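Containing mmCIF, C-alpha atoms: entry.cif.
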data_entry
#
loop_
_atom_site.group_PDB
_atom_site.id
_atom_site.type_symbol
_atom_site.label_atom_id
_atom_site.label_comp_id
_atom_site.auth_asym_id
_atom_site.auth_seq_id
_atom_site.Cartn_x
_atom_site.Cartn_y
_atom_site.Cartn_z
ATOM 1 C CA MET A 1 0.000 0.000 0.000
ATOM 2 C CA LYS A 2 2.728 2.476 0.970
ATOM 3 C CA ARG A 3 4.692 1.531 -2.128
ATOM 4 C CA ASP A 4 1.654 2.225 -4.325
ATOM 5 C CA ILE A 5 1.110 5.608 -2.658
ATOM 6 C CA LEU A 6 4.769 6.535 -3.147
ATOM 7 C CA HIS A 7 4.662 5.337 -6.765
ATOM 8 C CA ASN A 8 1.554 7.404 -7.522
ATOM 9 C CA PHE A 9 3.052 10.454 -5.795
ATOM 10 C CA LEU A 10 6.280 10.251 -7.793
ATOM 11 C CA LEU A 11 4.348 9.617 -10.992
ATOM 12 C CA GLY A 12 2.217 12.702 -10.406
ATOM 13 C CA LEU A 13 5.234 14.798 -9.426
ATOM 14 C CA SER A 14 7.370 13.892 -12.431
ATOM 15 C CA PRO A 15 5.561 16.111 -15.002
ATOM 16 C CA TRP A 16 6.055 19.165 -12.758
ATOM 17 C CA VAL A 17 9.750 18.388 -12.367
ATOM 18 C CA GLY A 18 9.936 18.003 -16.140
ATOM 19 C CA VAL A 19 8.318 21.409 -16.671
ATOM 20 C CA ILE A 20 10.796 23.105 -14.324
ATOM 21 C CA VAL A 21 13.752 21.373 -15.976
ATOM 22 C CA LEU A 22 12.475 22.406 -19.414
ATOM 23 C CA TRP A 23 11.951 25.945 -18.106
ATOM 24 C CA TYR A 24 15.585 26.225 -17.016
ATOM 25 C CA ALA A 25 16.769 24.553 -20.231
ATOM 26 C CA ILE A 26 15.005 27.174 -22.342
ATOM 27 C CA ARG A 27 16.633 29.945 -20.313
ATOM 28 C CA TRP A 28 20.084 28.399 -20.587
ATOM 29 C CA SER A 29 19.724 27.685 -24.311
ATOM 30 C CA GLY A 30 20.170 31.342 -25.181
ATOM 31 C CA LEU A 31 17.316 31.165 -27.688
ATOM 32 C CA VAL A 32 15.168 33.669 -25.800
ATOM 33 C CA ASN A 33 15.716 36.930 -23.983
ATOM 34 C CA LEU A 34 16.227 36.085 -20.305
ATOM 35 C CA ALA A 35 14.202 39.152 -19.309
ATOM 36 C CA LEU A 36 11.128 37.579 -20.920
ATOM 37 C CA ILE A 37 11.272 34.325 -18.930
ATOM 38 C CA PRO A 38 11.873 34.780 -15.200
ATOM 39 C CA ALA A 39 13.606 31.865 -13.527
ATOM 40 C CA PRO A 40 11.430 29.594 -11.372
ATOM 41 C CA HIS A 41 13.394 30.455 -8.229
ATOM 42 C CA LYS A 42 12.854 34.172 -8.896
ATOM 43 C CA ILE A 43 9.127 33.554 -9.221
ATOM 44 C CA ALA A 44 9.223 31.667 -5.914
ATOM 45 C CA GLU A 45 10.968 34.631 -4.302
ATOM 46 C CA ARG A 46 8.342 36.997 -5.700
ATOM 47 C CA PHE A 47 5.598 34.704 -4.411
ATOM 48 C CA VAL A 48 6.999 34.912 -0.874
ATOM 49 C CA ASP A 49 7.337 38.696 -1.159
ATOM 50 C CA LEU A 50 3.745 39.106 -2.367
ATOM 51 C CA LEU A 51 2.530 36.748 0.337
ATOM 52 C CA LEU A 52 4.290 38.560 3.173
ATOM 53 C CA HIS A 53 4.152 42.184 2.091
ATOM 54 C CA HIS A 54 1.542 42.765 -0.604
ATOM 55 C CA GLY A 55 -1.577 40.940 0.522
ATOM 56 C CA LEU A 56 -1.488 37.969 -1.834
ATOM 57 C CA LEU A 57 -3.789 36.035 0.492
ATOM 58 C CA ILE A 58 -6.374 38.807 0.153
ATOM 59 C CA ASP A 59 -6.222 38.476 -3.633
ATOM 60 C CA VAL A 60 -6.519 34.695 -3.370
ATOM 61 C CA PHE A 61 -9.509 34.983 -1.051
ATOM 62 C CA ALA A 62 -11.234 37.588 -3.246
ATOM 63 C CA SER A 63 -10.880 35.500 -6.408
ATOM 64 C CA THR A 64 -11.780 32.205 -4.732
ATOM 65 C CA ARG A 65 -14.873 33.771 -3.196
ATOM 66 C CA ARG A 66 -16.023 35.136 -6.563
ATOM 67 C CA VAL A 67 -15.468 31.827 -8.330
ATOM 68 C CA PHE A 68 -17.156 29.862 -5.555
ATOM 69 C CA LEU A 69 -20.263 32.063 -5.514
ATOM 70 C CA GLY A 70 -20.461 32.214 -9.311
ATOM 71 C CA VAL A 71 -20.191 28.435 -9.662
ATOM 72 C CA ILE A 72 -22.649 27.639 -6.858
ATOM 73 C CA LEU A 73 -25.259 30.029 -8.223
ATOM 74 C CA GLY A 74 -24.635 28.942 -11.821
ATOM 75 C CA ILE A 75 -24.903 25.220 -11.052
ATOM 76 C CA ALA A 76 -27.963 25.764 -8.834
ATOM 77 C CA ALA A 77 -29.706 27.236 -11.863
ATOM 78 C CA ALA A 78 -28.149 24.871 -14.423
ATOM 79 C CA VAL A 79 -29.062 21.563 -12.743
ATOM 80 C CA PRO A 80 -32.882 21.842 -12.945
ATOM 81 C CA ILE A 81 -32.811 23.438 -16.386
ATOM 82 C CA GLY A 82 -30.316 20.897 -17.713
ATOM 83 C CA PHE A 83 -32.403 18.091 -16.236
ATOM 84 C CA LEU A 84 -35.565 19.338 -17.954
ATOM 85 C CA LEU A 85 -33.774 19.715 -21.286
ATOM 86 C CA GLY A 86 -32.253 16.255 -21.002
ATOM 87 C CA TRP A 87 -35.399 14.498 -19.797
ATOM 88 C CA TYR A 88 -37.923 16.037 -22.181
ATOM 89 C CA ARG A 89 -37.009 15.788 -25.833
ATOM 90 C CA SER A 90 -39.423 18.551 -26.845
ATOM 91 C CA ALA A 91 -37.822 20.953 -24.342
ATOM 92 C CA ARG A 92 -34.372 20.064 -25.684
ATOM 93 C CA THR A 93 -35.501 20.663 -29.269
ATOM 94 C CA PHE A 94 -37.014 23.984 -28.231
ATOM 95 C CA ALA A 95 -34.079 25.359 -26.217
ATOM 96 C CA ASP A 96 -30.995 23.658 -27.687
ATOM 97 C CA PRO A 97 -30.223 26.303 -30.370
ATOM 98 C CA MET A 98 -30.502 29.145 -27.856
ATOM 99 C CA VAL A 99 -28.369 27.364 -25.245
ATOM 100 C CA ASN A 100 -25.624 26.680 -27.771
ATOM 101 C CA PHE A 101 -25.838 30.251 -29.075
ATOM 102 C CA PHE A 102 -25.179 31.771 -25.652
ATOM 103 C CA ARG A 103 -22.649 29.092 -24.702
ATOM 104 C CA ALA A 104 -20.505 30.088 -27.682
ATOM 105 C CA LEU A 105 -20.355 33.744 -26.632
ATOM 106 C CA PRO A 106 -17.123 34.523 -24.760
ATOM 107 C CA PRO A 107 -17.847 36.170 -21.395
ATOM 108 C CA ILE A 108 -15.290 38.903 -22.114
ATOM 109 C CA ALA A 109 -17.449 40.075 -25.038
ATOM 110 C CA LEU A 110 -20.319 40.719 -22.629
ATOM 111 C CA ILE A 111 -18.373 42.976 -20.272
ATOM 112 C CA PRO A 112 -19.583 46.278 -21.817
ATOM 113 C CA LEU A 113 -23.222 45.178 -21.484
ATOM 114 C CA VAL A 114 -22.669 43.864 -17.969
ATOM 115 C CA ILE A 115 -21.191 47.212 -16.937
ATOM 116 C CA VAL A 116 -24.189 49.037 -18.419
ATOM 117 C CA TYR A 117 -26.753 46.851 -16.640
ATOM 118 C CA PHE A 118 -24.962 45.950 -13.392
ATOM 119 C CA GLY A 119 -22.363 48.667 -12.909
ATOM 120 C CA VAL A 120 -18.791 47.936 -11.871
ATOM 121 C CA ASP A 121 -19.382 46.550 -8.387
ATOM 122 C CA GLU A 122 -19.106 42.952 -7.187
ATOM 123 C CA MET A 123 -22.426 42.013 -8.792
ATOM 124 C CA ALA A 124 -21.011 42.566 -12.276
ATOM 125 C CA LYS A 125 -18.120 40.166 -11.644
ATOM 126 C CA LEU A 126 -20.490 37.530 -10.269
ATOM 127 C CA VAL A 127 -22.733 37.884 -13.314
ATOM 128 C CA ILE A 128 -19.817 37.083 -15.641
ATOM 129 C CA LEU A 129 -18.820 34.036 -13.580
ATOM 130 C CA PHE A 130 -22.450 32.932 -13.239
ATOM 131 C CA TYR A 131 -22.849 33.152 -17.016
ATOM 132 C CA ALA A 132 -19.761 31.017 -17.633
ATOM 133 C CA ALA A 133 -20.715 28.394 -15.026
ATOM 134 C CA PHE A 134 -24.392 28.249 -15.968
ATOM 135 C CA PHE A 135 -24.101 27.430 -19.653
ATOM 136 C CA SER A 136 -21.264 24.943 -19.232
ATOM 137 C CA GLY A 137 -23.277 23.240 -16.482
ATOM 138 C CA VAL A 138 -26.458 23.119 -18.572
ATOM 139 C CA ILE A 139 -24.653 21.440 -21.464
ATOM 140 C CA VAL A 140 -23.101 18.743 -19.247
ATOM 141 C CA MET A 141 -26.373 18.120 -17.411
ATOM 142 C CA TYR A 142 -28.664 17.725 -20.366
ATOM 143 C CA GLU A 143 -26.160 15.651 -22.347
ATOM 144 C CA GLY A 144 -25.747 13.334 -19.356
ATOM 145 C CA VAL A 145 -29.436 13.079 -18.465
ATOM 146 C CA SER A 146 -30.452 12.473 -22.078
ATOM 147 C CA GLN A 147 -28.188 9.398 -22.132
ATOM 148 C CA ILE A 148 -29.772 7.733 -19.073
ATOM 149 C CA THR A 149 -31.159 4.407 -20.271
ATOM 150 C CA PRO A 150 -34.906 3.859 -19.718
ATOM 151 C CA LEU A 151 -34.136 0.259 -18.714
ATOM 152 C CA TYR A 152 -33.708 1.240 -15.055
ATOM 153 C CA ILE A 153 -37.100 2.928 -15.015
ATOM 154 C CA ARG A 154 -38.819 -0.069 -16.626
ATOM 155 C CA VAL A 155 -37.205 -2.407 -14.099
ATOM 156 C CA ALA A 156 -38.386 -0.203 -11.225
ATOM 157 C CA GLN A 157 -41.909 -0.147 -12.681
ATOM 158 C CA THR A 158 -41.853 -3.923 -13.014
ATOM 159 C CA LEU A 159 -40.929 -4.182 -9.330
ATOM 160 C CA GLY A 160 -43.940 -2.053 -8.421
ATOM 161 C CA ALA A 161 -42.309 1.321 -7.758
ATOM 162 C CA ASN A 162 -44.557 4.366 -8.077
ATOM 163 C CA GLN A 163 -43.565 7.621 -9.811
ATOM 164 C CA SER A 164 -42.274 9.205 -6.605
ATOM 165 C CA GLU A 165 -40.083 6.200 -5.800
ATOM 166 C CA ILE A 166 -38.791 6.026 -9.358
ATOM 167 C CA PHE A 167 -37.750 9.670 -9.196
ATOM 168 C CA THR A 168 -36.104 9.579 -5.749
ATOM 169 C CA LYS A 169 -34.525 6.099 -5.906
ATOM 170 C CA VAL A 170 -33.704 5.719 -9.598
ATOM 171 C CA ILE A 171 -33.551 9.018 -11.442
ATOM 172 C CA VAL A 172 -31.890 11.132 -8.728
ATOM 173 C CA PRO A 173 -29.028 8.646 -8.061
ATOM 174 C CA LEU A 174 -28.435 8.335 -11.812
ATOM 175 C CA THR A 175 -28.329 12.128 -12.075
ATOM 176 C CA VAL A 176 -25.827 12.715 -9.255
ATOM 177 C CA PRO A 177 -22.743 11.774 -11.357
ATOM 178 C CA HIS A 178 -23.785 14.305 -14.013
ATOM 179 C CA ILE A 179 -24.314 17.009 -11.383
ATOM 180 C CA LEU A 180 -20.810 16.428 -10.037
ATOM 181 C CA THR A 181 -19.353 16.437 -13.547
ATOM 182 C CA ALA A 182 -21.208 19.671 -14.328
ATOM 183 C CA LEU A 183 -19.799 21.168 -11.140
ATOM 184 C CA ARG A 184 -16.242 20.220 -12.079
ATOM 185 C CA VAL A 185 -16.592 21.556 -15.617
ATOM 186 C CA ALA A 186 -18.221 24.778 -14.400
ATOM 187 C CA LEU A 187 -15.446 25.252 -11.854
ATOM 188 C CA GLY A 188 -12.779 24.984 -14.535
ATOM 189 C CA VAL A 189 -14.621 27.357 -16.859
ATOM 190 C CA ALA A 190 -15.164 29.858 -14.033
ATOM 191 C CA TRP A 191 -11.465 29.935 -13.157
ATOM 192 C CA ALA A 192 -10.658 30.372 -16.843
ATOM 193 C CA THR A 193 -13.085 33.316 -16.913
ATOM 194 C CA LEU A 194 -11.791 34.897 -13.710
ATOM 195 C CA VAL A 195 -9.367 37.335 -15.330
ATOM 196 C CA ALA A 196 -12.107 38.558 -17.672
ATOM 197 C CA SER A 197 -14.511 39.109 -14.776
ATOM 198 C CA GLU A 198 -11.923 41.061 -12.820
ATOM 199 C CA LEU A 199 -11.407 43.430 -15.735
ATOM 200 C CA ILE A 200 -14.494 45.172 -14.336
ATOM 201 C CA ALA A 201 -12.812 47.646 -11.975
ATOM 202 C CA ALA A 202 -11.559 45.010 -9.533
ATOM 203 C CA GLN A 203 -9.290 46.345 -6.815
ATOM 204 C CA ARG A 204 -8.310 42.953 -5.397
ATOM 205 C CA GLY A 205 -8.098 39.474 -6.856
ATOM 206 C CA LEU A 206 -5.633 37.366 -8.813
ATOM 207 C CA GLY A 207 -7.035 38.556 -12.135
ATOM 208 C CA ALA A 208 -6.713 42.179 -11.033
ATOM 209 C CA MET A 209 -3.161 41.486 -9.870
ATOM 210 C CA ILE A 210 -2.289 40.043 -13.277
ATOM 211 C CA GLN A 211 -3.880 43.008 -15.066
ATOM 212 C CA ASN A 212 -1.977 45.536 -12.942
ATOM 213 C CA ALA A 213 1.285 43.648 -13.342
ATOM 214 C CA SER A 214 0.884 43.600 -17.133
ATOM 215 C CA THR A 215 0.632 47.395 -17.108
ATOM 216 C CA TYR A 216 4.108 47.658 -15.569
ATOM 217 C CA PHE A 217 5.564 44.606 -17.345
ATOM 218 C CA LEU A 218 6.079 42.715 -14.081
ATOM 219 C CA LEU A 219 6.393 39.268 -15.599
ATOM 220 C CA ASP A 220 7.260 37.525 -12.345
ATOM 221 C CA VAL A 221 4.049 38.828 -10.738
ATOM 222 C CA ILE A 222 2.059 37.669 -13.758
ATOM 223 C CA TYR A 223 3.566 34.190 -13.424
ATOM 224 C CA VAL A 224 2.732 34.140 -9.703
ATOM 225 C CA GLY A 225 -0.883 35.032 -10.459
ATOM 226 C CA ILE A 226 -1.194 32.399 -13.172
ATOM 227 C CA ILE A 227 0.380 29.686 -11.011
ATOM 228 C CA CYS A 228 -1.866 30.600 -8.067
ATOM 229 C CA ILE A 229 -4.976 30.320 -10.239
ATOM 230 C CA GLY A 230 -3.876 26.937 -11.557
ATOM 231 C CA CYS A 231 -2.965 25.600 -8.107
ATOM 232 C CA ILE A 232 -6.218 26.713 -6.471
ATOM 233 C CA ALA A 233 -8.261 25.290 -9.338
ATOM 234 C CA LEU A 234 -6.319 22.012 -9.078
ATOM 235 C CA VAL A 235 -6.904 21.750 -5.316
ATOM 236 C CA MET A 236 -10.625 22.460 -5.702
ATOM 237 C CA ASP A 237 -10.887 19.865 -8.462
ATOM 238 C CA LEU A 238 -9.100 17.257 -6.333
ATOM 239 C CA ILE A 239 -11.513 17.943 -3.473
ATOM 240 C CA LEU A 240 -14.464 17.506 -5.828
ATOM 241 C CA ARG A 241 -13.023 14.254 -7.124
ATOM 242 C CA ARG A 242 -12.672 12.931 -3.577
ATOM 243 C CA ILE A 243 -16.261 13.934 -2.821
ATOM 244 C CA SER A 244 -17.416 12.298 -6.048
ATOM 245 C CA ALA A 245 -15.592 9.078 -5.186
ATOM 246 C CA ARG A 246 -17.363 8.929 -1.813
ATOM 247 C CA LEU A 247 -20.803 9.791 -3.142
ATOM 248 C CA LEU A 248 -20.571 7.372 -6.062
ATOM 249 C CA LYS A 249 -19.358 4.276 -4.224
ATOM 250 C CA TRP A 250 -22.681 2.683 -5.096
ATOM 251 C CA GLN A 251 -21.592 2.601 -8.759
ATOM 252 C CA ASP A 252 -18.655 0.336 -7.899
ATOM 253 C CA ARG A 253 -20.897 -1.938 -5.857
ATOM 254 C CA ALA A 254 -23.478 -2.031 -8.634
ATOM 255 C CA SER A 255 -20.901 -2.867 -11.300
ATOM 256 C CA ALA A 256 -19.420 -5.570 -9.081
#
Represent the structure of the file as structure tokens.
Amino acid sequence: MKRDILHNFLLGLSPWVGVIVLWYAIRWSGLVNLALIPAPHKIAERFVDLLLHHGLLIDVFASTRRVFLGVILGIAAAVPIGFLLGWYRSARTFADPMVNFFRALPPIALIPLVIVYFGVDEMAKLVILFYAAFFSGVIVMYEGVSQITPLYIRVAQTLGANQSEIFTKVIVPLTVPHILTALRVALGVAWATLVASELIAAQRGLGAMIQNASTYFLLDVIYVGIICIGCIALVMDLILRRISARLLKWQDRASA
């Protein structure tokens, strides 16, 4: 068991070591201007400086809070709508073109309209993140629900289950994996949209930090912001995967 854990840890760590080695190799190759690619140890030093003296934790908290609220609100709206579109073919036929139309619109293109209708306060940033999370969640939900086989429902009916029991004991458990997948996808999309949302007059946040650093060509600060976004998104995704594994243990038992 310990050997397997160590093996998996080293296997997961090796790509990151490879990236750092490649990073240094590119710098030492002389093919690029060293001023354009800060060394990893310099970025680590800047990270510590921002953490201790420039309120990096405040930026992390501000961005994480925005993403969390945007995703929760977006998925809360996307789950019932995605379920209806996936369960009822007529609803899917009716709404599918509109859903795909809005899903294709990049959130950054909507910023001028969002500013007009919601101002430049926190609500505007949440609207952008809600938009990104909602449509990605709807797509995952209705694609997943539409692929649920009717066999389970017919078996439950054969065993004498009524409509309420079919919904609570068959349909809901079959829908949970798609809800969790929608949540993971929406979380990734929301983090990818974060910088765009914080273009709207944000004073704090990782996206705002990156925007301000780009103004003064502070490449090491930009790298710190990007790495922080990726690390936080990775940690949140790992937590969701652990939760999913616990909630979906019944799938393993059923397949066994």
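The residue that comes closest to Ile171 of chain A, out of A:Val145, A:Leu194, A:Ala213, A:Ile232 and on the basis of only C-alpha atoms, is A:Val145.
Closest to Phe47 of chain A among A:Cys228, A:Ala182, A:Ile148, A:Ile108 is A:Cys228, based on all atoms listed in the file.
Comparing A:Ile229, A:Ala196, A:Ile210, A:Leu56 by their smallest distance to Ala132 of chain A, the closest is A:Ala196 (using all atoms listed in the file).
Minimum atom-to-atom distances from A:Val185, A:Ala192, A:Ile179, A:Val140 to Ile128 of chain A were compared using all atoms listed in the file, and the lowest value belongs to A:Ala192.
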Q: Could you jot down the atom CA of Arg89 of chain A to atom CA of Gln147 of chain A separation for me, Å, one decimal place?
A: 11.5 Å
Q. Nearest to Asp121 of chain A among A:Val155, A:Leu6, A:Ile75, A:Ile200, with distances taken over all atoms listed in the file: which residue is it?
A. A:Ile200
How would segment 28-52 of chain A look with N, CA and C atoms restored, written as a compact mmCIF listing (two decimals), in the coordinates of the input?
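result_29.txt written:
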# COMPACT_ATOMS: atom_id res chain seq x y z
N TRP A 28 18.65 28.62 -20.37
CA TRP A 28 20.08 28.40 -20.59
C TRP A 28 20.43 28.21 -22.06
N SER A 29 19.45 27.94 -22.89
CA SER A 29 19.72 27.68 -24.31
C SER A 29 20.18 28.94 -25.05
N GLY A 30 19.82 30.10 -24.51
CA GLY A 30 20.17 31.34 -25.18
C GLY A 30 19.28 31.68 -26.36
N LEU A 31 18.21 30.93 -26.56
CA LEU A 31 17.32 31.16 -27.69
C LEU A 31 16.32 32.29 -27.42
N VAL A 32 16.14 32.63 -26.15
CA VAL A 32 15.17 33.67 -25.80
C VAL A 32 15.84 34.70 -24.90
N ASN A 33 15.24 35.87 -24.87
CA ASN A 33 15.72 36.93 -23.98
C ASN A 33 15.40 36.54 -22.54
N LEU A 34 16.42 36.52 -21.69
CA LEU A 34 16.23 36.08 -20.30
C LEU A 34 15.25 36.99 -19.55
N ALA A 35 15.13 38.23 -19.98
CA ALA A 35 14.20 39.15 -19.31
C ALA A 35 12.75 38.76 -19.54
N LEU A 36 12.49 37.97 -20.59
CA LEU A 36 11.13 37.58 -20.92
C LEU A 36 10.68 36.31 -20.20
N ILE A 37 11.62 35.57 -19.63
CA ILE A 37 11.27 34.33 -18.93
C ILE A 37 11.95 34.33 -17.57
N PRO A 38 11.27 34.80 -16.54
CA PRO A 38 11.87 34.78 -15.20
C PRO A 38 12.17 33.35 -14.76
N ALA A 39 13.24 33.18 -14.02
CA ALA A 39 13.61 31.86 -13.53
C ALA A 39 12.61 31.40 -12.47
N PRO A 40 12.37 30.10 -12.38
CA PRO A 40 11.43 29.59 -11.37
C PRO A 40 11.77 30.02 -9.95
N HIS A 41 13.05 30.06 -9.60
CA HIS A 41 13.39 30.46 -8.23
C HIS A 41 13.11 31.93 -7.99
N LYS A 42 13.20 32.76 -9.03
CA LYS A 42 12.85 34.17 -8.90
C LYS A 42 11.35 34.34 -8.70
N ILE A 43 10.58 33.51 -9.39
CA ILE A 43 9.13 33.55 -9.22
C ILE A 43 8.75 33.11 -7.81
N ALA A 44 9.46 32.11 -7.29
CA ALA A 44 9.22 31.67 -5.91
C ALA A 44 9.54 32.78 -4.92
N GLU A 45 10.63 33.50 -5.17
CA GLU A 45 10.97 34.63 -4.30
C GLU A 45 9.90 35.72 -4.37
N ARG A 46 9.40 36.00 -5.56
CA ARG A 46 8.34 37.00 -5.70
C ARG A 46 7.06 36.54 -5.02
N PHE A 47 6.77 35.25 -5.09
CA PHE A 47 5.60 34.70 -4.41
C PHE A 47 5.67 34.97 -2.91
N VAL A 48 6.82 34.69 -2.31
CA VAL A 48 7.00 34.91 -0.87
C VAL A 48 6.85 36.40 -0.55
N ASP A 49 7.43 37.25 -1.38
CA ASP A 49 7.34 38.70 -1.16
C ASP A 49 5.89 39.18 -1.23
N LEU A 50 5.16 38.72 -2.24
CA LEU A 50 3.74 39.11 -2.37
C LEU A 50 2.92 38.57 -1.20
N LEU A 51 3.27 37.37 -0.76
CA LEU A 51 2.53 36.75 0.34
C LEU A 51 2.73 37.50 1.65
N LEU A 52 3.96 37.94 1.89
CA LEU A 52 4.29 38.56 3.17
C LEU A 52 4.03 40.06 3.21
